[in-house]
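Written below as structure tokens is the structure these notes are about.
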Amino acid sequence: MKKVAFFSLGWSLASPPEAQENEKVQVASLLREMGLENRYNPEKNWYPLQVRVGSEVFDMLIKIAQESDIVHLGRIEQVHSLEELEDAPLLVWSFTNQAIEDDYYTLHFKKGQAKGIAPYTRNCEVCRAPLEQVRDMWVDVRKMGRRDISMTYTFEAILSARLAQMLQESGLTGFTLRPVWDYRKPYQGEPRLFQLVVTNVLPPMASPPTEFERERHCEICGTGSRFIKHTHWWGRIQYYEETNVYYPNDVLEKTADFNRTAERFGDLPVSAPYVIISQRAYRWLREQNVKGWKAEPVYLVE
Ligand SMILES: [Zn+2]
């Protein structure tokens with residue numbers, strides 16, 4: 001695994017003019033030092049840069065960032081090789097687009113539709129956490145285009161009819177499919193989209209070493225939610241880096257091909273479990289050339 005840091009170089013247009021002139025000179029000289037002088041444009045005050053963590057350029061930039069505001073570290077991302085992904089027995093599965101909006105959003109903002117239609121989930125009246133799905137989702141199915149997968153604003157996984165059928169015939173385990181309807185004519189004809197409902201629930205993650213932050217708990221409905229730890233400090237700089245997910249080794253006795261975590265993530269009203277897939281499901285998705293998702297290894301511990 002390698003790590004890539006996302007820096008930005010630049011100066012604030014809110015600074016006094018003399019300070020801006022000074023910082024402009026420093027940014028130009030820094031770009032020259034990195035052999036990037038052709039990117040400099042006196043009209044442009046912001047330069048994003050991707051740098052490998054541990055490289056000489058990284059060391060130089062992180063040092064300057066400690067002393068000056070012209071270098072800013074936004075986030076660090078792990079980049080996994082194909083071998084690492086193919087070696088992982090389990091992977092965290094996530095989606096890379098949000099083309100389908102949301103049942104609530106669509107019904108609320110498409111004029112005249114929201115009246116008298118109850119939400120598709122029963123929510124806690126206090127924290128608004130979704131507690132139970134009570135009807136099929138209604139969305140603007142046209143937003144899907146030719147995509148096979150999209151998530152909604154509330155992190156539901158929506159599949160094309162093509163992918164839903166392929167999955168049903170695949171022999172993969174741990175899920176059911178639920179129709180998703182066109183909000184303009186729900187429950188009519190054949191559904192064009194399906195919701196992937198992951199049914200196999202894993203035991204809790206191994207924590208430590210999995211680290212969480214921003215844990216929330218509602219005393220009324222008992223729902224808890226959190227984020228995987230992502231806030232870090234490098235000297236005086238705060239930056240974003242997601243940390244890894246760990247399970248005890250014996251989790252493999254309890255896994256299907258699609259699994260959801262016992263933990264919910266995100267703020268309570270949009271909290272949802274993560275989806276964890278098997279190596280078999282990972283390879284199947286790649287072999288079928290399904291696009292619109294990514295996967296990161298889960299780590300197993302004694
Ligand atoms: Zn609640």
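For the structure tokens, the naming scheme is as follows: chains receive sequential letters (A, B, ...) according to their order of presentation, residues are indexed from 1 within each chain, and ligands are indexed from 1 in presentation order.
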Problem set entry | Nearby residues (only C-alpha atoms) at most 12 Å from A:Asp87, same-chain spacing under 6 positions excluded, as JSON, numbers by chain | {"A": [80, 81, 278, 279, 280, 282, 283, 296, 297, 298, 299, 300]}
Any chance you could export the current selection's C-alpha atoms as a CSV table (one decimal), in the first residue's frame?
chain,number,residue,atom,x,y,z
A,80,HIS,CA,-3.9,-0.3,-2.8
A,81,SER,CA,-2.3,-2.5,-5.5
A,278,SER,CA,-16.1,-11.3,0.0
A,279,GLN,CA,-13.1,-11.8,-2.4
A,280,ARG,CA,-15.5,-14.0,-4.5
A,282,TYR,CA,-15.1,-8.6,-5.5
A,283,ARG,CA,-13.8,-10.8,-8.4
A,296,GLU,CA,-10.6,-1.4,0.1
A,297,PRO,CA,-9.1,-4.3,2.1
A,298,VAL,CA,-10.4,-5.3,5.5
A,299,TYR,CA,-7.7,-6.5,7.8
A,300,LEU,CA,-8.0,-9.6,10.0
Please report, as a tab-separated table, each residue of chain A lying at most 10 Å from ligand 1, together with the nearest pair of atoms and the separation in Å rounded to one decimal; use only C-alpha atoms and all ligand atoms, and order rows by chain and ascending residue number.
residue	atom	partner	partner_atom_place_in_ligand_line	distance
A:Asn123	CA	ligand 1	1 (Zn)	7.8
A:Cys124	CA	ligand 1	1 (Zn)	4.6
A:Glu125	CA	ligand 1	1 (Zn)	6.6
A:Val126	CA	ligand 1	1 (Zn)	5.2
A:Cys127	CA	ligand 1	1 (Zn)	4.1
A:Arg128	CA	ligand 1	1 (Zn)	6.0
A:Ala129	CA	ligand 1	1 (Zn)	5.7
A:Pro130	CA	ligand 1	1 (Zn)	8.6
A:Leu131	CA	ligand 1	1 (Zn)	8.5
A:His217	CA	ligand 1	1 (Zn)	7.7
A:Cys218	CA	ligand 1	1 (Zn)	4.5
A:Glu219	CA	ligand 1	1 (Zn)	6.5
A:Ile220	CA	ligand 1	1 (Zn)	5.1
A:Cys221	CA	ligand 1	1 (Zn)	4.1
A:Gly222	CA	ligand 1	1 (Zn)	6.2
A:Thr223	CA	ligand 1	1 (Zn)	5.8
A:Gly224	CA	ligand 1	1 (Zn)	8.5
A:Leu268	CA	ligand 1	1 (Zn)	7.7
A:Pro269	CA	ligand 1	1 (Zn)	8.6
Problem set entry | Backbone-only DSSP, helix (DSSP H, G or I) members of stretch 1-42 of chain A, as a list in words | Pro17, Glu18, Ala19, Gln20, Glu21, Asn22, Glu23, Lys24, Val25, Gln26, Val27, Ala28, Ser29, Leu30, Leu31, Arg32, Glu33, Glu37, Asn38 and Arg39 of chain A
Sorted by chain and rising residue number, which residues of stretch 180-243 of chain A lie within 12 Å of stretch 161-170 of chain A, and what are their closest atom pairs and distances in Å to one decimal, counting only C-alpha atoms, as a tab-separated table?
residue	atom	partner	partner_atom	distance
A:Val180	CA	A:Ala161	CA	9.9
A:Trp181	CA	A:Ala161	CA	11.7
A:Glu190	CA	A:Ala161	CA	9.4
A:Pro191	CA	A:Ala161	CA	7.5
A:Arg192	CA	A:Ala161	CA	5.5
A:Leu193	CA	A:Ala161	CA	5.2
A:Phe194	CA	A:Ala161	CA	6.5
A:Gln195	CA	A:Ala164	CA	8.6
A:Leu196	CA	A:Ala164	CA	8.1
A:Val197	CA	A:Ala164	CA	11.2
Take the selection from the previous step and output its residues with C-alpha atoms, as a PDB file, in the first residue's frame.
ATOM      1  CA  VAL A 180     -37.453   0.617  -6.776  1.00  0.00           C
ATOM      2  CA  TRP A 181     -40.286   2.494  -8.496  1.00  0.00           C
ATOM      3  CA  GLU A 190     -41.724  -4.033 -14.409  1.00  0.00           C
ATOM      4  CA  PRO A 191     -39.366  -2.134 -12.066  1.00  0.00           C
ATOM      5  CA  ARG A 192     -36.391  -0.574 -13.899  1.00  0.00           C
ATOM      6  CA  LEU A 193     -34.272  -0.457 -10.761  1.00  0.00           C
ATOM      7  CA  PHE A 194     -33.738  -2.529  -7.624  1.00  0.00           C
ATOM      8  CA  GLN A 195     -32.515  -1.804  -4.135  1.00  0.00           C
ATOM      9  CA  LEU A 196     -29.756  -4.085  -2.868  1.00  0.00           C
ATOM     10  CA  VAL A 197     -30.800  -5.104   0.640  1.00  0.00           C
TER      11      VAL A 197
END
Problem set entry | Among the residues A:Tyr187, A:Tyr120, A:Tyr246, A:Tyr274, the one that comes closest to A:Arg226 [using only C-alpha atoms] |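 Among A:Tyr187, A:Tyr120, A:Tyr246, A:Tyr274, it is A:Tyr274 that comes nearest to A:Arg226.
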Problem set entry | Who sits within 7 Å of A:Ile76, only C-alpha atoms, same chain under 2 positions skipped, as a PyMOL selection string | chain A and resi 3-6+78+240-241
Problem set entry | Within 10 Å of stretch 136-150 of chain A using only C-alpha atoms, minus same-chain residues under 2 positions, as a ChimeraX atom specification | /A:94-107,110,119-121,133-134,152-153,155-164,178-187,191-196,289-293
Problem set entry | Who sits within 12 Å of A:His232, only C-alpha atoms, same chain under 6 positions skipped, as a PyMOL selection string | chain A and resi 73-76+211+213+238-243
For this session: Using atom CA of A:Gln188 and atom CA of A:Val270 as the two end points, give the distance in Å to one decimal.
Result: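 Computed distance, atom CA of A:Gln188 to atom CA of A:Val270, equals 28.7 Å.
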For this session: Determine the nearest neighbour of A:Pro89 from the options A:Ser8, A:Thr261, A:Ser271, A:Thr255, counting only C-alpha atoms.
Result: A:Thr255
Exercise. Would you give me, as a ChimeraX atom specification, the residues in stretch 107-140 of chain A that DSSP reads as strand (DSSP E)?
Worked result: /A:121-123,130-133,137-139
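Counting only C-alpha atoms, the residue from A:Asn200, A:Ser225, A:Asn41, A:Gln20 that sits nearest to A:Arg260 is A:Asn200.
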Problem set entry | Between atom CA of A:Asp69 and atom CA of A:Leu13 - distance in Å to one decimal |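 The value is 12.4 Å.
Among A:Ser68, A:Ser15, A:Ile62, A:Ala256, the residue with the shortest atom-to-atom distance to A:Gly171, counting only C-alpha atoms, is A:Ala256.
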Exercise. Between atom CA of A:Leu177 and atom CA of A:His108, what is the distance, to one decimal in Å?
Worked result: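 So the answer is 25.0 Å.
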